[in-house]
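Read the structure below first, then the notes.
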Amino acid sequence: MTTSSTLFHYTSTACWDEICESGFIDTTSRAAHRMEGQFKHVWLTDGTPEATGLRDMDRTVVRISIAPVPSILYWPLWRELCSNREAVEAAGGDPATWYLSDRTIAAKHWGQVIRMDTHEVLLNPYTAPPPLSFWATMPTPARIAEAARRLDQLRPLDGFRAWRIDQQISKLRTMADRGEAEQRQRAAWRTPKAEIAAFQDQH
């Protein structure tokens with residue numbers, strides 16, 4: 001697993017024992033409330049334990065490296081779908097480093113697992129996780145433009161929903177223009193794509 005394709009899930013030693021035994025990281029957090037209803041998530045970061053905003057240091061003792069998987073979304077875009085986003089971000093940490101998934105993350109997507117306090121390696125898988133290229137397409141200008149065109153066709157159905165997706169696309173363009181890391185662009189790209197797809201399914 002290369003540095004550019006790695007996210008981290010921080011947890012306690014007790015939770016790591018449960019995760020290791022079950023073979024997956026479960027969606028247990030209810031911190032972020034989706035506007036359409038409550039959902040549970042797995043939280044990840046591309047930053048340090050301090051970036052998570054977790055104040056209980058026991059909850060960041062174990063670091064699980066995660067290969068990016070299709071269900072992972074980038075918080076700065078997904079936050080627009082969250083009804084309590086200000087409260088979540090007020091808890092501390094660096095929201096620019098946050099990612100989340102509403103699906104469990106199986107062991108086949110884990111990389112190295114270490115104890116942060118002792119640097120003990122708790123897991124060192126023999127096989128490398130999927131490379132970044134398998135994760136998602138990049139938000140090229142042409143793909144973003146196509147998403148905006150499809151959104152324009154859907155706009156009459158729900159103006160407010162369309163406006164919200166407009167905001168996501170605008171932020172995505174800004175990220176691309178700034179040349180932000182591919183990992184963040186890929187994760188951010190999934191949010192408007194999923195929203196446009198859901199828009200179509202509802203009508």
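We label chains A, B, ... in the order they appear in the structure tokens, count residues from 1 in each chain, and number ligands from 1 in the order shown.
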
Do you have, as a Markdown table, the list of residues of region 77-177 of chain A lying at most 6 Å from region 57-65 of chain A, each with its nearest atom pair and that distance in Å to one decimal, counting only C-alpha atoms and ordered by chain then number?
```
| residue | atom | partner | partner_atom | distance |
| --- | --- | --- | --- | --- |
| A:Trp110 | CA | A:Ser65 | CA | 5.7 |
| A:Gly111 | CA | A:Ser65 | CA | 4.8 |
| A:Gln112 | CA | A:Ser65 | CA | 5.5 |
| A:Val113 | CA | A:Ile64 | CA | 4.5 |
| A:Ile114 | CA | A:Arg63 | CA | 5.5 |
| A:Arg115 | CA | A:Val62 | CA | 4.6 |
| A:Met116 | CA | A:Val61 | CA | 5.2 |
```

When you look at Asp46 (chain A) with a cut-off of 10 Å (counting only C-alpha atoms), what residues show up, excluding the ones that are within fewer than 2 positions of it in the same chain? I need them as an NGL selection string. :A and (3-9 or 44 or 48-49 or 51-52 or 65-66 or 96-99 or 183-184)

One decimal, in Å: what's the spacing between CA of Phe24 (chain A) and CA of Ile105 (chain A)? 5.4 Å

Run DSSP on the backbone and give me the residues of region 12-137 of chain A it puts in helix (DSSP H, G or I), as a ChimeraX atom specification. /A:13-22,49-52,57-60,75-81,85-90,95-97,107-109,132-134

Preceding selection exported with N, CA and C atoms as a CSV table (one decimal), in the first residue's frame:
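Printed below is selection-v3.csv as written:
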```
chain,number,residue,atom,x,y,z
A,13,THR,N,-7.9,-0.5,21.5
A,13,THR,CA,-7.4,-1.9,21.4
A,13,THR,C,-8.5,-2.8,21.6
A,14,ALA,N,-9.5,-2.5,22.4
A,14,ALA,CA,-10.7,-3.4,22.6
A,14,ALA,C,-11.5,-3.5,21.3
A,15,CYS,N,-11.7,-2.4,20.6
A,15,CYS,CA,-12.4,-2.5,19.4
A,15,CYS,C,-11.6,-3.2,18.3
A,16,TRP,N,-10.3,-3.0,18.3
A,16,TRP,CA,-9.5,-3.7,17.3
A,16,TRP,C,-9.6,-5.2,17.5
A,17,ASP,N,-9.7,-5.7,18.7
A,17,ASP,CA,-9.9,-7.2,19.0
A,17,ASP,C,-11.2,-7.6,18.3
A,18,GLU,N,-12.2,-6.8,18.5
A,18,GLU,CA,-13.5,-7.2,17.9
A,18,GLU,C,-13.5,-7.1,16.4
A,19,ILE,N,-12.8,-6.1,15.8
A,19,ILE,CA,-12.7,-6.0,14.4
A,19,ILE,C,-11.9,-7.1,13.8
A,20,CYS,N,-10.8,-7.5,14.5
A,20,CYS,CA,-9.9,-8.5,14.0
A,20,CYS,C,-10.7,-9.9,14.0
A,21,GLU,N,-11.5,-10.1,15.0
A,21,GLU,CA,-12.2,-11.4,15.1
A,21,GLU,C,-13.3,-11.4,14.1
A,22,SER,N,-14.0,-10.3,13.8
A,22,SER,CA,-15.1,-10.3,12.9
A,22,SER,C,-14.7,-10.3,11.4
A,49,PRO,N,-3.8,11.2,14.2
A,49,PRO,CA,-4.9,10.9,15.2
A,49,PRO,C,-5.5,12.3,15.6
A,50,GLU,N,-4.7,13.3,15.7
A,50,GLU,CA,-5.3,14.6,16.1
A,50,GLU,C,-6.3,15.1,15.1
A,51,ALA,N,-6.1,14.8,13.8
A,51,ALA,CA,-7.0,15.3,12.8
A,51,ALA,C,-8.4,14.7,12.9
A,52,THR,N,-8.5,13.6,13.6
A,52,THR,CA,-9.9,13.0,13.7
A,52,THR,C,-10.8,13.7,14.6
A,57,MET,N,-7.9,9.6,23.9
A,57,MET,CA,-6.7,9.1,23.2
A,57,MET,C,-6.8,7.6,23.1
A,58,ASP,N,-7.5,6.9,24.0
A,58,ASP,CA,-7.6,5.5,24.0
A,58,ASP,C,-8.3,5.0,22.7
A,59,ARG,N,-9.1,5.9,22.1
A,59,ARG,CA,-9.8,5.6,20.8
A,59,ARG,C,-8.9,5.7,19.6
A,60,THR,N,-7.7,6.2,19.7
A,60,THR,CA,-6.8,6.3,18.6
A,60,THR,C,-5.5,5.6,18.8
A,75,TRP,N,-15.6,13.9,3.1
A,75,TRP,CA,-16.5,14.7,4.0
A,75,TRP,C,-16.8,16.1,3.5
A,76,PRO,N,-15.8,16.9,3.0
A,76,PRO,CA,-16.1,18.3,2.7
A,76,PRO,C,-17.2,18.4,1.6
A,77,LEU,N,-17.4,17.4,0.8
A,77,LEU,CA,-18.5,17.4,-0.1
A,77,LEU,C,-19.7,16.7,0.5
A,78,TRP,N,-19.5,15.6,1.1
A,78,TRP,CA,-20.7,14.9,1.7
A,78,TRP,C,-21.4,15.7,2.8
A,79,ARG,N,-20.6,16.6,3.4
A,79,ARG,CA,-21.2,17.4,4.5
A,79,ARG,C,-22.4,18.2,4.1
A,80,GLU,N,-22.5,18.5,2.8
A,80,GLU,CA,-23.7,19.3,2.4
A,80,GLU,C,-25.0,18.4,2.5
A,81,LEU,N,-24.8,17.1,2.6
A,81,LEU,CA,-26.0,16.2,2.8
A,81,LEU,C,-26.3,16.0,4.3
A,85,ARG,N,-24.0,19.2,10.2
A,85,ARG,CA,-22.5,19.2,9.9
A,85,ARG,C,-21.7,20.2,10.7
A,86,GLU,N,-22.3,21.3,11.1
A,86,GLU,CA,-21.6,22.3,12.0
A,86,GLU,C,-21.3,21.7,13.3
A,87,ALA,N,-22.2,20.9,13.9
A,87,ALA,CA,-22.0,20.3,15.2
A,87,ALA,C,-20.9,19.2,15.1
A,88,VAL,N,-20.9,18.5,14.0
A,88,VAL,CA,-19.9,17.4,13.8
A,88,VAL,C,-18.5,18.1,13.7
A,89,GLU,N,-18.4,19.1,13.0
A,89,GLU,CA,-17.1,19.8,12.8
A,89,GLU,C,-16.6,20.5,14.0
A,90,ALA,N,-17.6,21.0,14.8
A,90,ALA,CA,-17.3,21.7,16.1
A,90,ALA,C,-16.6,20.8,17.1
A,95,PRO,N,-11.6,18.8,9.4
A,95,PRO,CA,-12.5,18.2,8.5
A,95,PRO,C,-12.0,17.9,7.0
A,96,ALA,N,-11.0,18.7,6.7
A,96,ALA,CA,-10.4,18.5,5.3
A,96,ALA,C,-9.7,17.2,5.2
A,97,THR,N,-9.5,16.5,6.3
A,97,THR,CA,-8.8,15.1,6.2
A,97,THR,C,-9.8,14.0,6.4
A,107,ALA,N,-11.7,-7.1,5.7
A,107,ALA,CA,-10.3,-7.3,5.9
A,107,ALA,C,-9.5,-7.3,4.7
A,108,LYS,N,-10.0,-7.6,3.5
A,108,LYS,CA,-9.3,-7.7,2.3
A,108,LYS,C,-8.8,-6.2,1.9
A,109,HIS,N,-9.4,-5.2,2.5
A,109,HIS,CA,-9.1,-3.8,2.2
A,109,HIS,C,-8.1,-3.2,3.2
A,132,LEU,N,-4.6,2.3,-6.2
A,132,LEU,CA,-5.5,3.5,-6.3
A,132,LEU,C,-6.3,3.5,-7.6
A,133,SER,N,-5.7,3.0,-8.7
A,133,SER,CA,-6.4,3.1,-10.0
A,133,SER,C,-7.6,2.2,-10.1
A,134,PHE,N,-7.8,1.3,-9.2
A,134,PHE,CA,-9.0,0.4,-9.1
A,134,PHE,C,-10.2,1.1,-8.4
```

Got a sec: who's within 8 Å of Pro139 (chain A), counting only C-alpha atoms, leaving out chain neighbours fewer than 5 positions off, as JSON, numbers by chain? {"A": [144, 172, 176, 185, 186, 189]}

Please produce a file of those selected residues containing N, CA, C and O atoms, as an mmCIF file, in the first residue's frame.
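Result file part-v9.cif:
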```cif
data_model
loop_
_atom_site.group_PDB
_atom_site.id
_atom_site.type_symbol
_atom_site.label_atom_id
_atom_site.label_comp_id
_atom_site.auth_asym_id
_atom_site.auth_seq_id
_atom_site.Cartn_x
_atom_site.Cartn_y
_atom_site.Cartn_z
ATOM 1 N N ILE A 144 -16.907 16.127 -15.272
ATOM 2 C CA ILE A 144 -17.641 17.093 -14.448
ATOM 3 C C ILE A 144 -18.685 17.817 -15.300
ATOM 4 O O ILE A 144 -19.825 18.032 -14.866
ATOM 5 N N LEU A 172 -16.024 20.680 -6.258
ATOM 6 C CA LEU A 172 -15.197 19.682 -6.928
ATOM 7 C C LEU A 172 -14.320 20.333 -7.993
ATOM 8 O O LEU A 172 -13.129 20.028 -8.115
ATOM 9 N N ALA A 176 -10.218 20.406 -8.213
ATOM 10 C CA ALA A 176 -9.470 19.993 -9.406
ATOM 11 C C ALA A 176 -8.552 21.120 -9.874
ATOM 12 O O ALA A 176 -7.388 20.883 -10.232
ATOM 13 N N GLN A 185 -9.742 14.002 -4.608
ATOM 14 C CA GLN A 185 -10.594 14.276 -5.760
ATOM 15 C C GLN A 185 -11.481 13.081 -6.083
ATOM 16 O O GLN A 185 -12.667 13.238 -6.392
ATOM 17 N N ARG A 186 -10.920 11.875 -6.022
ATOM 18 C CA ARG A 186 -11.692 10.673 -6.328
ATOM 19 C C ARG A 186 -12.842 10.485 -5.333
ATOM 20 O O ARG A 186 -13.962 10.163 -5.703
ATOM 21 N N TRP A 189 -15.493 13.131 -5.885
ATOM 22 C CA TRP A 189 -16.223 12.888 -7.132
ATOM 23 C C TRP A 189 -17.391 11.936 -6.918
ATOM 24 O O TRP A 189 -18.437 12.042 -7.555
#
```

Quick check, in Å to one decimal: how far apart do CA of Leu54 (chain A) and CA of Val69 (chain A) lie?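 Calculated distance between CA of Leu54 (chain A) and CA of Val69 (chain A) is 23.4 Å.
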
Taking only C-alpha atoms into account, name the residue in A:Ala188, A:Leu122, A:Leu100, A:Ile196 that is nearest to Leu157 (chain A).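 The shortest atom-to-atom distance to Leu157 (chain A) comes from A:Ile196.
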
I need the residues in chain A that are strand (DSSP E) according to DSSP; give them as a VMD selection string. chain A and resid 7 to 11 24 to 25 33 to 34 37 to 38 42 to 45 62 to 66 73 to 74 98 to 101 105 to 106 110 to 115 121 to 123

Saved selection, atoms kept: N, CA, C and O atoms, as a CSV table (one decimal), in the first residue's frame:
```
chain,number,residue,atom,x,y,z
A,7,LEU,N,-5.8,5.4,3.5
A,7,LEU,CA,-6.5,6.1,4.5
A,7,LEU,C,-6.3,5.4,5.8
A,7,LEU,O,-5.8,4.2,5.8
A,8,PHE,N,-6.8,6.0,6.9
A,8,PHE,CA,-6.6,5.3,8.2
A,8,PHE,C,-7.9,5.4,9.0
A,8,PHE,O,-8.6,6.3,9.0
A,9,HIS,N,-8.1,4.2,9.7
A,9,HIS,CA,-9.2,4.2,10.7
A,9,HIS,C,-8.6,4.0,12.0
A,9,HIS,O,-7.8,3.0,12.2
A,10,TYR,N,-8.8,4.9,13.0
A,10,TYR,CA,-8.3,4.8,14.3
A,10,TYR,C,-9.3,4.2,15.3
A,10,TYR,O,-10.5,4.5,15.2
A,11,THR,N,-8.8,3.4,16.2
A,11,THR,CA,-9.7,2.7,17.1
A,11,THR,C,-9.0,2.4,18.4
A,11,THR,O,-7.8,2.6,18.5
A,24,PHE,N,-14.1,-7.4,9.7
A,24,PHE,CA,-14.6,-6.2,9.1
A,24,PHE,C,-14.7,-5.1,10.1
A,24,PHE,O,-14.9,-5.3,11.3
A,25,ILE,N,-14.6,-3.8,9.6
A,25,ILE,CA,-14.8,-2.7,10.4
A,25,ILE,C,-16.3,-2.3,10.1
A,25,ILE,O,-16.7,-2.0,9.0
A,33,HIS,N,-25.7,13.1,10.7
A,33,HIS,CA,-27.1,12.8,10.4
A,33,HIS,C,-27.4,13.2,8.9
A,33,HIS,O,-27.4,14.4,8.6
A,34,ARG,N,-27.7,12.3,8.1
A,34,ARG,CA,-28.1,12.6,6.7
A,34,ARG,C,-29.4,13.3,6.7
A,34,ARG,O,-30.3,12.9,7.5
A,37,GLY,N,-32.4,11.1,6.6
A,37,GLY,CA,-32.6,10.2,7.6
A,37,GLY,C,-31.3,9.7,8.2
A,37,GLY,O,-30.2,10.0,7.7
A,38,GLN,N,-31.3,9.1,9.4
A,38,GLN,CA,-30.1,8.7,10.1
A,38,GLN,C,-29.4,7.5,9.4
A,38,GLN,O,-30.0,6.6,9.0
A,42,VAL,N,-18.6,4.5,8.9
A,42,VAL,CA,-17.2,4.3,9.4
A,42,VAL,C,-16.5,5.6,9.0
A,42,VAL,O,-16.6,6.1,7.9
A,43,TRP,N,-15.7,6.1,10.0
A,43,TRP,CA,-15.0,7.3,9.8
A,43,TRP,C,-13.5,6.9,9.5
A,43,TRP,O,-12.9,6.1,10.1
A,44,LEU,N,-12.9,7.7,8.5
A,44,LEU,CA,-11.5,7.5,8.2
A,44,LEU,C,-10.9,8.8,8.0
A,44,LEU,O,-11.6,9.9,7.9
A,45,THR,N,-9.6,8.8,7.9
A,45,THR,CA,-8.8,10.1,7.7
A,45,THR,C,-7.6,9.8,6.9
A,45,THR,O,-7.1,8.7,6.9
A,62,VAL,N,-4.9,2.4,18.1
A,62,VAL,CA,-4.7,1.4,17.0
A,62,VAL,C,-5.0,2.1,15.7
A,62,VAL,O,-6.1,2.7,15.5
A,63,ARG,N,-4.1,2.0,14.7
A,63,ARG,CA,-4.3,2.6,13.4
A,63,ARG,C,-4.3,1.5,12.3
A,63,ARG,O,-3.4,0.8,12.2
A,64,ILE,N,-5.5,1.5,11.7
A,64,ILE,CA,-5.7,0.5,10.6
A,64,ILE,C,-5.6,1.2,9.3
A,64,ILE,O,-6.3,2.1,9.0
A,65,SER,N,-4.6,0.8,8.4
A,65,SER,CA,-4.5,1.3,7.1
A,65,SER,C,-5.5,0.7,6.2
A,65,SER,O,-5.8,-0.5,6.2
A,66,ILE,N,-6.2,1.6,5.4
A,66,ILE,CA,-7.3,1.2,4.5
A,66,ILE,C,-7.0,1.5,3.1
A,66,ILE,O,-6.6,2.7,2.8
A,73,LEU,N,-16.4,8.2,0.8
A,73,LEU,CA,-16.8,9.6,0.3
A,73,LEU,C,-15.9,10.6,1.1
A,73,LEU,O,-15.6,10.4,2.2
A,74,TYR,N,-15.7,11.7,0.4
A,74,TYR,CA,-14.9,12.8,1.0
A,74,TYR,C,-15.8,13.7,1.8
A,74,TYR,O,-16.8,14.3,1.2
A,98,TRP,N,-11.1,14.3,6.5
A,98,TRP,CA,-12.1,13.3,6.9
A,98,TRP,C,-12.7,12.6,5.6
A,98,TRP,O,-13.0,13.2,4.6
A,99,TYR,N,-13.0,11.3,5.8
A,99,TYR,CA,-13.7,10.5,4.8
A,99,TYR,C,-14.7,9.6,5.6
A,99,TYR,O,-14.6,9.4,6.8
A,100,LEU,N,-15.7,9.1,4.9
A,100,LEU,CA,-16.7,8.2,5.6
A,100,LEU,C,-17.3,7.2,4.6
A,100,LEU,O,-17.2,7.4,3.4
A,101,SER,N,-17.8,6.2,5.2
A,101,SER,CA,-18.4,5.1,4.4
A,101,SER,C,-19.6,4.6,5.1
A,101,SER,O,-19.6,4.5,6.3
A,105,ILE,N,-16.1,-2.3,6.1
A,105,ILE,CA,-14.9,-2.4,5.3
A,105,ILE,C,-14.2,-3.7,5.7
A,105,ILE,O,-13.8,-3.9,6.8
A,106,ALA,N,-14.2,-4.6,4.7
A,106,ALA,CA,-13.7,-6.0,5.0
A,106,ALA,C,-12.2,-6.0,5.1
A,106,ALA,O,-11.5,-5.1,4.6
A,110,TRP,N,-7.7,-4.0,4.2
A,110,TRP,CA,-6.8,-3.5,5.2
A,110,TRP,C,-5.4,-3.6,4.8
A,110,TRP,O,-5.0,-4.6,4.1
A,111,GLY,N,-4.6,-2.7,5.3
A,111,GLY,CA,-3.2,-2.8,5.1
A,111,GLY,C,-2.5,-3.1,6.5
A,111,GLY,O,-3.1,-3.8,7.3
A,112,GLN,N,-1.4,-2.4,6.8
A,112,GLN,CA,-0.8,-2.6,8.1
A,112,GLN,C,-1.6,-2.0,9.2
A,112,GLN,O,-2.2,-1.0,9.1
A,113,VAL,N,-1.6,-2.7,10.3
A,113,VAL,CA,-2.2,-2.3,11.5
A,113,VAL,C,-1.2,-2.1,12.6
A,113,VAL,O,-0.4,-3.1,12.9
A,114,ILE,N,-1.1,-1.0,13.2
A,114,ILE,CA,-0.1,-0.8,14.3
A,114,ILE,C,-0.7,-0.1,15.5
A,114,ILE,O,-1.7,0.5,15.4
A,115,ARG,N,0.0,-0.4,16.6
A,115,ARG,CA,-0.3,0.4,17.9
A,115,ARG,C,0.5,1.7,17.9
A,115,ARG,O,1.8,1.6,17.7
A,121,VAL,N,3.5,-3.8,15.4
A,121,VAL,CA,2.7,-4.2,14.2
A,121,VAL,C,1.8,-5.3,14.6
A,121,VAL,O,2.2,-6.4,14.9
A,122,LEU,N,0.5,-5.0,14.5
A,122,LEU,CA,-0.5,-6.0,14.9
A,122,LEU,C,-1.0,-6.8,13.7
A,122,LEU,O,-1.5,-7.9,13.9
A,123,LEU,N,-0.8,-6.3,12.5
A,123,LEU,CA,-1.2,-7.0,11.3
A,123,LEU,C,-0.3,-6.5,10.2
A,123,LEU,O,-0.2,-5.3,10.0
```

Which is closer to Lys40 (chain A) than all the others in A:Arg103, A:Lys171, A:Arg155, A:Arg55, using only C-alpha atoms? A:Arg103

Residue contacts of Ala198 (chain A) (12 Å, only C-alpha atoms) excluding same-chain residues fewer than 4 positions away, as a tab-separated table (two decimals) with N, CA and C atoms, in the first residue's frame:
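Result written to selection.tsv:
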```
chain	number	residue	atom	x	y	z
A	36	GLU	N	-31.90	13.05	4.75
A	36	GLU	CA	-33.02	12.16	4.45
A	36	GLU	C	-33.28	11.15	5.55
A	151	LEU	N	-27.41	17.03	-14.61
A	151	LEU	CA	-28.11	17.71	-13.52
A	151	LEU	C	-29.08	18.75	-14.08
A	154	LEU	N	-32.32	17.30	-14.87
A	154	LEU	CA	-33.11	16.90	-13.71
A	154	LEU	C	-33.61	18.08	-12.89
A	161	ARG	N	-32.79	20.33	-4.44
A	161	ARG	CA	-31.84	19.22	-4.53
A	161	ARG	C	-30.79	19.51	-5.61
A	162	ALA	N	-31.25	20.06	-6.74
A	162	ALA	CA	-30.32	20.39	-7.82
A	162	ALA	C	-29.33	21.46	-7.37
A	165	ILE	N	-26.59	19.93	-5.29
A	165	ILE	CA	-25.60	19.21	-6.10
A	165	ILE	C	-24.73	20.19	-6.87
A	191	THR	N	-19.45	11.74	-4.46
A	191	THR	CA	-20.64	12.33	-3.84
A	191	THR	C	-21.62	12.88	-4.86
A	192	PRO	N	-21.23	13.80	-5.76
A	192	PRO	CA	-22.20	14.28	-6.74
A	192	PRO	C	-22.68	13.18	-7.69
A	193	LYS	N	-21.80	12.23	-8.03
A	193	LYS	CA	-22.24	11.14	-8.90
A	193	LYS	C	-23.35	10.33	-8.24
A	194	ALA	N	-23.16	10.02	-6.96
A	194	ALA	CA	-24.17	9.25	-6.24
A	194	ALA	C	-25.46	10.04	-6.08
A	202	GLN	N	-35.38	8.47	-7.77
A	202	GLN	CA	-36.55	8.94	-7.03
A	202	GLN	C	-37.66	9.45	-7.95
A	203	HIS	N	-37.37	9.65	-9.19
A	203	HIS	CA	-38.38	10.21	-10.09
A	203	HIS	C	-38.56	9.27	-11.27
```

I'd like to know which of A:Ser83, A:Thr137, A:Thr104, A:Ser71 is closest to Ala31 (chain A), using only C-alpha atoms. A:Ser83
